[in-house]
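Undergrad: This is model.txt, which holds compact mmCIF, C-alpha atoms and all ligand atoms:
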# COMPACT_ATOMS: atom_id res chain seq x y z
CA MET R 228 91.01 90.02 109.47
CA ASP R 229 91.20 89.05 105.78
CA ARG R 230 89.47 91.87 103.95
CA LEU R 231 92.67 92.68 102.02
CA LYS R 232 94.24 89.24 101.92
CA ASN R 233 96.77 88.74 99.08
CA LEU R 234 96.70 92.42 98.11
CA VAL R 235 99.78 94.64 97.86
CA GLY R 236 99.16 98.24 98.88
CA ILE R 237 101.30 101.38 98.68
CA VAL R 238 100.55 104.19 101.13
CA THR R 239 102.23 107.56 100.51
CA GLY R 240 102.91 109.70 103.58
CA GLY R 241 102.44 106.49 105.54
CA ALA R 242 104.59 107.33 108.58
CA LEU R 243 102.16 109.55 110.51
CA GLY R 244 98.50 110.34 111.01
CA ILE R 245 95.91 108.92 108.62
CA GLY R 246 98.61 107.22 106.51
CA ARG R 247 100.01 105.43 109.53
CA ALA R 248 96.55 104.26 110.65
CA THR R 249 95.90 103.03 107.11
CA CYS R 250 99.15 101.02 107.02
CA LEU R 251 98.29 99.39 110.36
CA LEU R 252 94.74 98.46 109.28
CA PHE R 253 95.92 97.26 105.85
CA ALA R 254 98.36 94.90 107.57
CA HIS R 255 95.70 93.85 110.07
CA GLU R 256 93.41 92.98 107.14
CA GLY R 257 96.06 90.83 105.47
CA ALA R 258 97.62 93.19 102.89
CA VAL R 259 101.34 93.42 102.19
CA VAL R 260 102.08 97.07 102.89
CA ALA R 261 104.63 99.33 101.20
CA VAL R 262 105.00 102.18 103.68
CA THR R 263 106.45 105.26 101.95
CA ASP R 264 107.28 108.69 103.36
CA VAL R 265 110.02 111.29 103.73
CA LEU R 266 110.22 110.60 107.49
CA ASP R 267 112.53 107.60 107.46
CA THR R 268 112.82 107.04 111.23
CA GLU R 269 109.06 107.06 111.78
CA GLY R 270 108.45 104.94 108.66
CA ALA R 271 110.99 102.31 109.69
CA GLN R 272 109.57 102.25 113.23
CA LEU R 273 106.06 101.64 111.87
CA VAL R 274 107.31 98.78 109.70
CA ARG R 275 108.96 97.16 112.75
CA GLU R 276 105.68 97.52 114.63
CA ILE R 277 103.70 95.86 111.81
CA ASN R 278 106.18 93.03 111.25
CA SER R 279 106.52 92.27 114.96
CA SER R 280 102.76 91.87 115.27
CA GLY R 281 102.52 89.34 112.44
CA GLY R 282 101.96 91.65 109.46
CA VAL R 283 104.09 92.14 106.36
CA ALA R 284 105.45 95.61 105.58
CA GLU R 285 108.51 97.28 104.14
CA TYR R 286 109.60 100.92 104.13
CA TRP R 287 110.75 103.03 101.18
CA HIS R 288 111.87 106.65 101.25
CA LEU R 289 109.63 108.47 98.79
CA ASP R 290 109.14 112.17 98.22
CA VAL R 291 106.01 112.30 96.04
CA THR R 292 107.09 115.58 94.42
CA ARG R 293 109.95 113.84 92.58
CA GLU R 294 108.78 111.92 89.54
CA ALA R 295 111.98 109.92 89.01
CA GLU R 296 111.87 108.82 92.66
CA VAL R 297 108.20 107.76 92.35
CA GLN R 298 108.97 105.74 89.21
CA ASP R 299 112.01 104.09 90.79
CA VAL R 300 110.36 103.23 94.13
CA PHE R 301 107.19 101.86 92.50
CA SER R 302 109.32 99.67 90.25
CA LYS R 303 111.22 98.38 93.31
CA ILE R 304 107.98 97.68 95.18
CA ARG R 305 106.59 95.82 92.15
CA ASN R 306 109.80 93.76 91.89
CA ARG R 307 109.82 93.02 95.62
CA PHE R 308 106.16 92.01 95.99
CA GLY R 309 105.23 91.00 92.42
CA LYS R 310 102.36 93.46 91.91
CA ILE R 311 100.69 96.68 93.03
CA ASP R 312 96.98 96.29 93.78
CA VAL R 313 96.23 99.40 95.82
CA LEU R 314 97.61 102.94 95.86
CA VAL R 315 96.62 105.31 98.65
CA ASN R 316 97.52 108.87 97.63
CA ASN R 317 97.68 110.14 101.19
CA ALA R 318 100.78 112.37 101.43
CA GLY R 319 99.68 115.95 101.95
CA ILE R 320 100.53 119.23 103.63
CA SER R 321 98.23 121.99 104.89
CA GLY R 322 100.32 124.93 103.62
CA ALA R 323 99.76 128.65 103.96
CA ASN R 324 96.77 129.69 106.04
CA LYS R 325 96.17 133.29 105.01
CA PRO R 326 93.82 135.10 102.63
CA THR R 327 94.29 134.52 98.90
CA HIS R 328 95.72 138.00 98.23
CA GLU R 329 98.54 137.36 100.72
CA VAL R 330 99.59 133.90 99.45
CA THR R 331 102.91 133.93 97.59
CA GLU R 332 103.61 132.05 94.38
CA GLN R 333 106.20 129.99 96.26
CA GLU R 334 103.67 128.98 98.94
CA TRP R 335 101.13 128.06 96.27
CA ASP R 336 103.64 125.98 94.26
CA LYS R 337 105.02 124.20 97.33
CA LEU R 338 101.60 122.93 98.35
CA MET R 339 100.50 122.02 94.85
CA ALA R 340 103.71 120.04 94.33
CA VAL R 341 102.82 117.67 97.17
CA ASN R 342 99.02 117.64 97.20
CA VAL R 343 98.32 117.63 93.43
CA LYS R 344 101.46 116.89 91.42
CA GLY R 345 102.35 114.13 93.89
CA VAL R 346 98.98 112.46 93.29
CA PHE R 347 99.51 112.80 89.53
CA PHE R 348 103.01 111.25 89.65
CA CYS R 349 101.96 108.35 91.89
CA THR R 350 98.84 107.59 89.86
CA LYS R 351 100.80 107.85 86.60
CA HIS R 352 103.42 105.35 87.72
CA ALA R 353 101.02 102.89 89.41
CA ILE R 354 98.64 102.65 86.44
CA PRO R 355 100.91 100.65 84.07
CA TYR R 356 101.28 97.87 86.68
CA MET R 357 97.54 97.89 87.38
CA LYS R 358 96.66 97.89 83.67
CA ALA R 359 98.93 94.89 83.10
CA ALA R 360 97.23 93.03 85.97
CA HIS R 361 93.75 94.25 84.88
CA ARG R 362 92.92 95.24 88.45
CA GLY R 363 93.59 98.03 90.90
CA SER R 364 92.18 100.48 93.42
CA ILE R 365 93.45 104.04 93.79
CA ILE R 366 92.29 106.19 96.68
CA ASN R 367 92.92 109.94 96.73
CA LEU R 368 92.82 111.72 100.07
CA SER R 369 90.74 114.82 99.42
CA SER R 370 88.94 116.56 102.29
CA ILE R 371 85.77 118.33 103.33
CA TYR R 372 87.90 121.27 102.08
CA GLY R 373 87.63 119.73 98.61
CA LEU R 374 83.83 120.00 98.81
CA VAL R 375 83.05 123.25 100.62
CA GLY R 376 84.87 126.47 101.50
CA ALA R 377 85.86 127.49 105.00
CA ALA R 378 87.38 130.95 104.45
CA ASP R 379 90.90 129.73 105.19
CA ALA R 380 93.89 127.92 103.58
CA PRO R 381 93.23 128.79 99.87
CA PRO R 382 95.93 126.59 98.28
CA TYR R 383 94.80 123.61 100.37
CA HIS R 384 91.17 124.02 99.27
CA ALA R 385 92.24 124.26 95.61
CA SER R 386 94.41 121.14 95.91
CA LYS R 387 91.70 119.05 97.52
CA GLY R 388 89.17 120.10 94.88
CA ALA R 389 91.68 119.05 92.23
CA VAL R 390 92.32 115.54 93.57
CA ARG R 391 88.58 114.97 93.95
CA LEU R 392 88.07 115.54 90.23
CA MET R 393 91.25 113.72 89.26
CA ALA R 394 89.74 110.65 90.94
CA LYS R 395 86.53 110.96 88.90
CA ASN R 396 88.33 111.48 85.60
CA ASP R 397 90.80 108.65 86.22
CA ALA R 398 87.86 106.44 87.24
CA LEU R 399 86.45 106.95 83.74
CA LEU R 400 89.78 106.63 81.96
CA TYR R 401 90.63 103.30 83.58
CA ALA R 402 87.25 101.66 84.27
CA ALA R 403 87.74 99.36 81.27
CA ASP R 404 91.01 98.21 82.86
CA ASN R 405 89.12 97.26 86.04
CA ILE R 406 90.97 99.97 87.96
CA ARG R 407 88.76 101.82 90.44
CA VAL R 408 89.57 105.37 91.54
CA ASN R 409 87.79 107.12 94.41
CA SER R 410 88.28 110.03 96.76
CA VAL R 411 87.92 110.17 100.54
CA HIS R 412 86.80 113.35 102.29
CA PRO R 413 87.69 113.49 105.98
CA GLY R 414 86.39 116.10 108.38
CA PHE R 415 88.93 117.28 110.97
CA ILE R 416 90.95 114.33 112.22
CA TRP R 417 93.33 114.61 115.16
CA THR R 418 96.72 113.95 113.49
CA PRO R 419 100.11 115.73 113.63
CA MET R 420 98.84 117.97 110.78
CA VAL R 421 95.85 119.23 112.78
CA GLU R 422 97.78 119.28 116.05
CA ASN R 423 100.35 121.65 114.50
CA PHE R 424 97.54 123.75 113.06
CA ALA R 425 95.99 123.91 116.56
CA LYS R 426 99.28 124.86 118.20
CA GLN R 427 99.69 127.79 115.80
CA SER R 428 96.13 129.04 116.20
CA ALA R 429 95.50 132.29 118.04
CA ALA R 430 92.91 130.51 120.22
CA GLY R 431 95.49 128.04 121.57
CA GLU R 432 95.43 124.25 121.18
CA LYS R 433 92.67 123.47 123.70
CA ASP R 434 90.19 126.10 122.54
CA PHE R 435 90.97 125.37 118.88
CA ARG R 436 90.03 121.74 119.43
CA LYS R 437 86.80 122.78 121.17
CA MET R 438 85.95 125.24 118.40
CA ILE R 439 86.64 122.74 115.62
CA SER R 440 84.78 119.96 117.43
CA ALA R 441 81.68 122.18 117.54
CA LYS R 442 81.70 122.43 113.72
CA HIS R 443 81.04 118.68 113.47
CA PRO R 444 77.41 117.75 114.32
CA LEU R 445 78.64 114.61 116.11
CA GLY R 446 80.38 117.03 118.47
CA HIS R 447 83.99 115.97 118.19
CA ILE R 448 87.02 115.73 115.92
CA GLY R 449 87.60 112.36 114.23
CA GLU R 450 90.45 109.93 114.77
CA PRO R 451 92.75 108.43 112.09
CA ASN R 452 91.03 105.03 112.16
CA ASP R 453 87.69 106.65 111.25
CA ILE R 454 89.25 107.40 107.87
CA ALA R 455 91.46 104.32 107.60
CA TRP R 456 88.44 102.00 107.77
CA GLY R 457 86.89 103.85 104.83
CA ILE R 458 90.13 103.40 102.89
CA VAL R 459 90.15 99.68 103.74
CA TYR R 460 86.63 99.43 102.30
CA LEU R 461 87.56 101.18 99.04
CA ALA R 462 90.68 99.02 98.69
CA SER R 463 88.76 95.80 99.24
CA GLU R 464 86.62 93.62 96.98
CA GLU R 465 83.62 94.80 99.02
CA ALA R 466 83.87 97.99 96.92
CA LYS R 467 84.21 96.24 93.55
CA PHE R 468 81.31 98.27 92.08
CA VAL R 469 82.50 101.59 93.56
CA THR R 470 84.43 103.96 91.30
CA GLY R 471 84.45 107.71 90.71
CA SER R 472 82.72 108.20 94.02
CA GLU R 473 83.48 110.35 97.03
CA LEU R 474 83.40 108.85 100.49
CA ILE R 475 82.67 111.58 103.02
CA ILE R 476 83.66 110.75 106.61
CA ASP R 477 83.16 113.98 108.49
CA GLY R 478 80.91 113.64 111.53
CA GLY R 479 78.19 115.47 109.59
CA TYR R 480 80.29 118.61 108.80
CA THR R 481 79.11 118.88 105.17
CA ALA R 482 75.54 117.74 105.84
CA GLN R 483 74.67 121.21 107.17
N1 LIG E 1 93.87 115.46 109.46
C1 LIG E 1 92.81 115.99 108.88
O1 LIG E 1 91.98 116.62 109.52
C2 LIG E 1 92.58 115.82 107.40
C3 LIG E 1 91.33 116.20 106.89
C4 LIG E 1 91.09 116.06 105.55
C5 LIG E 1 92.05 115.53 104.71
N2 LIG E 1 93.26 115.17 105.23
C6 LIG E 1 94.26 114.66 104.29
O2 LIG E 1 94.69 113.38 104.70
C7 LIG E 1 96.06 113.18 104.35
C8 LIG E 1 96.85 112.82 105.58
O3 LIG E 1 96.74 113.87 106.52
P1 LIG E 1 97.27 113.78 108.02
O4 LIG E 1 96.40 114.64 108.82
O5 LIG E 1 97.49 112.38 108.41
O6 LIG E 1 98.67 114.55 107.84
P2 LIG E 1 100.03 114.41 108.69
O7 LIG E 1 100.76 115.71 108.48
O8 LIG E 1 99.73 114.02 110.06
O9 LIG E 1 100.79 113.26 107.89
C9 LIG E 1 101.12 113.46 106.54
C10 LIG E 1 102.25 112.55 106.13
O10 LIG E 1 102.63 112.91 104.79
C11 LIG E 1 104.04 112.98 104.72
N3 LIG E 1 104.48 113.85 103.64
C12 LIG E 1 104.46 115.21 103.59
N4 LIG E 1 105.04 115.64 102.45
C13 LIG E 1 105.42 114.54 101.77
C14 LIG E 1 106.06 114.32 100.52
N5 LIG E 1 106.45 115.37 99.75
N6 LIG E 1 106.28 113.06 100.11
C15 LIG E 1 105.89 112.01 100.88
N7 LIG E 1 105.31 112.15 102.08
C16 LIG E 1 105.07 113.40 102.51
C17 LIG E 1 104.46 113.48 106.09
O11 LIG E 1 105.83 113.21 106.36
C18 LIG E 1 103.50 112.74 107.00
O12 LIG E 1 104.00 111.49 107.39
C19 LIG E 1 96.52 114.49 103.70
O13 LIG E 1 96.41 114.40 102.30
C20 LIG E 1 95.53 115.51 104.25
O14 LIG E 1 95.41 116.63 103.43
C21 LIG E 1 93.54 115.31 106.56
Would you kindly transcribe this structure into structure tokens?
Ligand SMILES: NC(=O)c1ccc[n+]([C@@H]2O[C@H](COP(=O)([O-])OP(=O)(O)OC[C@H]3O[C@@H](n4cnc5c(N)ncnc54)[C@H](O)[C@@H]3O)[C@@H](O)[C@H]2O)c1

TA:
Amino acid sequence: MDRLKNLVGIVTGGALGIGRATCLLFAHEGAVVAVTDVLDTEGAQLVREINSSGGVAEYWHLDVTREAEVQDVFSKIRNRFGKIDVLVNNAGISGANKPTHEVTEQEWDKLMAVNVKGVFFCTKHAIPYMKAAHRGSIINLSSIYGLVGAADAPPYHASKGAVRLMAKNDALLYAADNIRVNSVHPGFIWTPMVENFAKQSAAGEKDFRKMISAKHPLGHIGEPNDIAWGIVYLASEEAKFVTGSELIIDGGYTAQ
């Protein structure tokens, strides 16, 4: 219950899916949670849910592609809660799923703006608060798609490879400030992102789920809490010696 007691955590893209599960577990483990997203109704609803079950959370509208907005919201969160201990760079989109030679510049830029530039902006504007406090934990949501290819979604693969290495480099840059930076690599997790992907697939939702499940040696797709518990670990003092590492939670997908 108290693994994150007295910590203040920001979760980007916190309204749905893995972000939402992370906000709920953070609150359950005693953290004060800054839920941020572009989906204001869902974000506010989640905050009500957390606060009515004894947790502490507040919602801020935050589009991670806008640097001025990131700077402003982080400053407000810091003023409201007194510090920023944990940043979960979770906001992400799956983007164009077609071969590289068919991807447009606009599709490429749109995905990179959220999945890579958003992580850069959020890290950039969290670091000064963490440096001043001489502590912090930053967790980048990469993917199995940041480790291996799958012959689909080229911009997404590129973006997840980028945030994996950004975590390692930032881990080195800020180790002396006692700021840890790690990446998490989920296999397929049943969230709105994957559900939409499944609905658009030629195989149809049911067969897509079956087909994707079969790619994971454990035989099924994961659920948001499978990832959120890993994020809780990296945010907590239990991981005080863990930095620059990659936590793979994928039902064995990349062990093959
Ligand atoms: N679901 C999976 O199978 C899976 C696997 C590997 C990695 N991931 C990664 O985990 C993270 C969460 O994925 P998910 O499946 O929960 O996705 P999701 O689509 O279910 O939720 C993503 C959230 O991010 C928000 N978001 C999108 N653009 C944003 C922006 N510009 N600014 C702020 N918020 C924004 C959305 O509104 C949404 O609430 C993503 O980075 C994703 O790439 C997911």

Undergrad: Need the axis-aligned box for stretch 252-269 of chain R with 6 Å each side, so what are the centre and edges in Å to one decimal, as JSON?

TA:
{"center_x": 103.1, "center_y": 101.1, "center_z": 106.5, "size_x": 31.4, "size_y": 32.5, "size_z": 22.6}

Undergrad: Taking a cut-off of 7 Å and counting all atoms listed in the file, can you build a table that, for each residue of chain R near ligand LIG 1 (chain E), reports the nearest atom pair and how far apart they are in Å (one decimal), sorted by chain then residue number, as a tab-separated table?

TA:
residue	atom	partner	partner_atom	distance
R:Thr239	CA	E:LIG1	N7	5.7
R:Gly240	CA	E:LIG1	O10	3.4
R:Gly241	CA	E:LIG1	O12	5.6
R:Ala242	CA	E:LIG1	O12	4.4
R:Leu243	CA	E:LIG1	O12	4.1
R:Gly244	CA	E:LIG1	O5	3.5
R:Ile245	CA	E:LIG1	O5	3.8
R:Gly246	CA	E:LIG1	O5	5.6
R:Thr263	CA	E:LIG1	C15	6.9
R:Asp264	CA	E:LIG1	N7	4.2
R:Val265	CA	E:LIG1	N7	5.1
R:Leu266	CA	E:LIG1	O11	5.2
R:Leu289	CA	E:LIG1	C15	5.6
R:Asp290	CA	E:LIG1	N6	3.5
R:Val291	CA	E:LIG1	N6	4.1
R:Thr292	CA	E:LIG1	N5	5.4
R:Asn317	CA	E:LIG1	O13	4.6
R:Ala318	CA	E:LIG1	O10	3.9
R:Gly319	CA	E:LIG1	O13	3.6
R:Ile320	CA	E:LIG1	C12	5.6
R:Ser321	CA	E:LIG1	O14	6.2
R:Val341	CA	E:LIG1	N5	5.0
R:Asn342	CA	E:LIG1	O13	6.6
R:Leu368	CA	E:LIG1	O13	5.0
R:Ser369	CA	E:LIG1	C5	5.5
R:Ser370	CA	E:LIG1	C4	3.9
R:Ile371	CA	E:LIG1	C4	6.2
R:His412	CA	E:LIG1	C4	6.0
R:Pro413	CA	E:LIG1	C4	4.3
R:Gly414	CA	E:LIG1	C3	5.2
R:Phe415	CA	E:LIG1	O1	3.4
R:Ile416	CA	E:LIG1	O1	3.7
R:Trp417	CA	E:LIG1	N1	5.8
R:Thr418	CA	E:LIG1	O8	4.6
R:Pro419	CA	E:LIG1	O8	4.0
R:Met420	CA	E:LIG1	O7	3.8
R:Val421	CA	E:LIG1	N1	5.4

Undergrad: Could the residues in this selection be written to a file with C-alpha atoms, as a tab-separated table (two decimals), in the coordinates of the input?

TA:
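Once written, result.tsv looks like this:
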chain	number	residue	atom	x	y	z
R	239	THR	CA	102.23	107.56	100.51
R	240	GLY	CA	102.91	109.70	103.58
R	241	GLY	CA	102.44	106.49	105.54
R	242	ALA	CA	104.59	107.33	108.58
R	243	LEU	CA	102.16	109.55	110.51
R	244	GLY	CA	98.50	110.34	111.01
R	245	ILE	CA	95.91	108.92	108.62
R	246	GLY	CA	98.61	107.22	106.51
R	263	THR	CA	106.45	105.26	101.95
R	264	ASP	CA	107.28	108.69	103.36
R	265	VAL	CA	110.02	111.29	103.73
R	266	LEU	CA	110.22	110.60	107.49
R	289	LEU	CA	109.63	108.47	98.79
R	290	ASP	CA	109.14	112.17	98.22
R	291	VAL	CA	106.01	112.30	96.04
R	292	THR	CA	107.09	115.58	94.42
R	317	ASN	CA	97.68	110.14	101.19
R	318	ALA	CA	100.78	112.37	101.43
R	319	GLY	CA	99.68	115.95	101.95
R	320	ILE	CA	100.53	119.23	103.63
R	321	SER	CA	98.23	121.99	104.89
R	341	VAL	CA	102.82	117.67	97.17
R	342	ASN	CA	99.02	117.64	97.20
R	368	LEU	CA	92.82	111.72	100.07
R	369	SER	CA	90.74	114.82	99.42
R	370	SER	CA	88.94	116.56	102.29
R	371	ILE	CA	85.77	118.33	103.33
R	412	HIS	CA	86.80	113.35	102.29
R	413	PRO	CA	87.69	113.49	105.98
R	414	GLY	CA	86.39	116.10	108.38
R	415	PHE	CA	88.93	117.28	110.97
R	416	ILE	CA	90.95	114.33	112.22
R	417	TRP	CA	93.33	114.61	115.16
R	418	THR	CA	96.72	113.95	113.49
R	419	PRO	CA	100.11	115.73	113.63
R	420	MET	CA	98.84	117.97	110.78
R	421	VAL	CA	95.85	119.23	112.78

Undergrad: Which distance in Å separates atom CA of R:Leu314 and atom CA of R:Ile365, to one decimal?

TA: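 Interatomic distance, atom CA of R:Leu314 to atom CA of R:Ile365: 4.8 Å.
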
Undergrad: Between R:Asp453, R:Glu465, R:Glu256, R:Glu296, single out the one closest to R:Leu231, counting only C-alpha atoms.

TA: R:Glu256

Undergrad: Which residue, R:Asn405, R:Asn324, R:Ser279, R:Ser386, has the smallest gap to R:Met357 when you use all atoms listed in the file?

TA: R:Asn405

Undergrad: Need the shell around R:Ile304: protein/DNA/RNA residues with any atom at most 8 Å away, counting all atoms listed in the file. Skip same-chain ones fewer than 6 positions apart. Format as a list in words?

TA: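 Non-adjacent residues within range: Ala261, Lys310 and Ile311 of chain R.
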
Undergrad: I'd like the neighbourhood of R:Gly236 as a PyMOL selection string, where a residue qualifies if any of its atoms comes within 8 Å (using only C-alpha atoms), though same-chain residues fewer than 4 positions away should be ignored.

TA: chain R and resi 253+258-261+311-315

Undergrad: So what do you get for atom CA of R:Leu338 versus atom CA of R:Gly270, distance-wise?

TA: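 Computing it gives 21.8 Å between the two atoms.
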
Undergrad: Between R:Thr327, R:Ser364, R:Asn278, R:Thr350, single out the one closest to R:Val235, counting only C-alpha atoms.

TA: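 Answer, going by the shortest atom-to-atom distance: R:Ser364.
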
Undergrad: Interatomic distance between atom CA of R:Lys358 and atom CA of R:Gly457?

TA: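 That distance, rounded to one decimal, is 24.1 Å.
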
Undergrad: Could you check which of R:Val274, R:Phe308, R:Pro451, R:Gly363 is closest to R:Ala402, using all atoms listed in the file?

TA: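 Selected residue with least distance to R:Ala402: R:Gly363.
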
Undergrad: R:His328, R:Lys337, R:Arg307, R:Arg407: which is nearest R:Asp379, counting all atoms listed in the file?

TA: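 Closest candidate: R:His328.
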
Undergrad: With distances taken over only C-alpha atoms, which of R:Lys351, R:Arg275, R:Lys325, R:Arg362 is nearest to R:Glu294?

TA: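 Closest candidate: R:Lys351.
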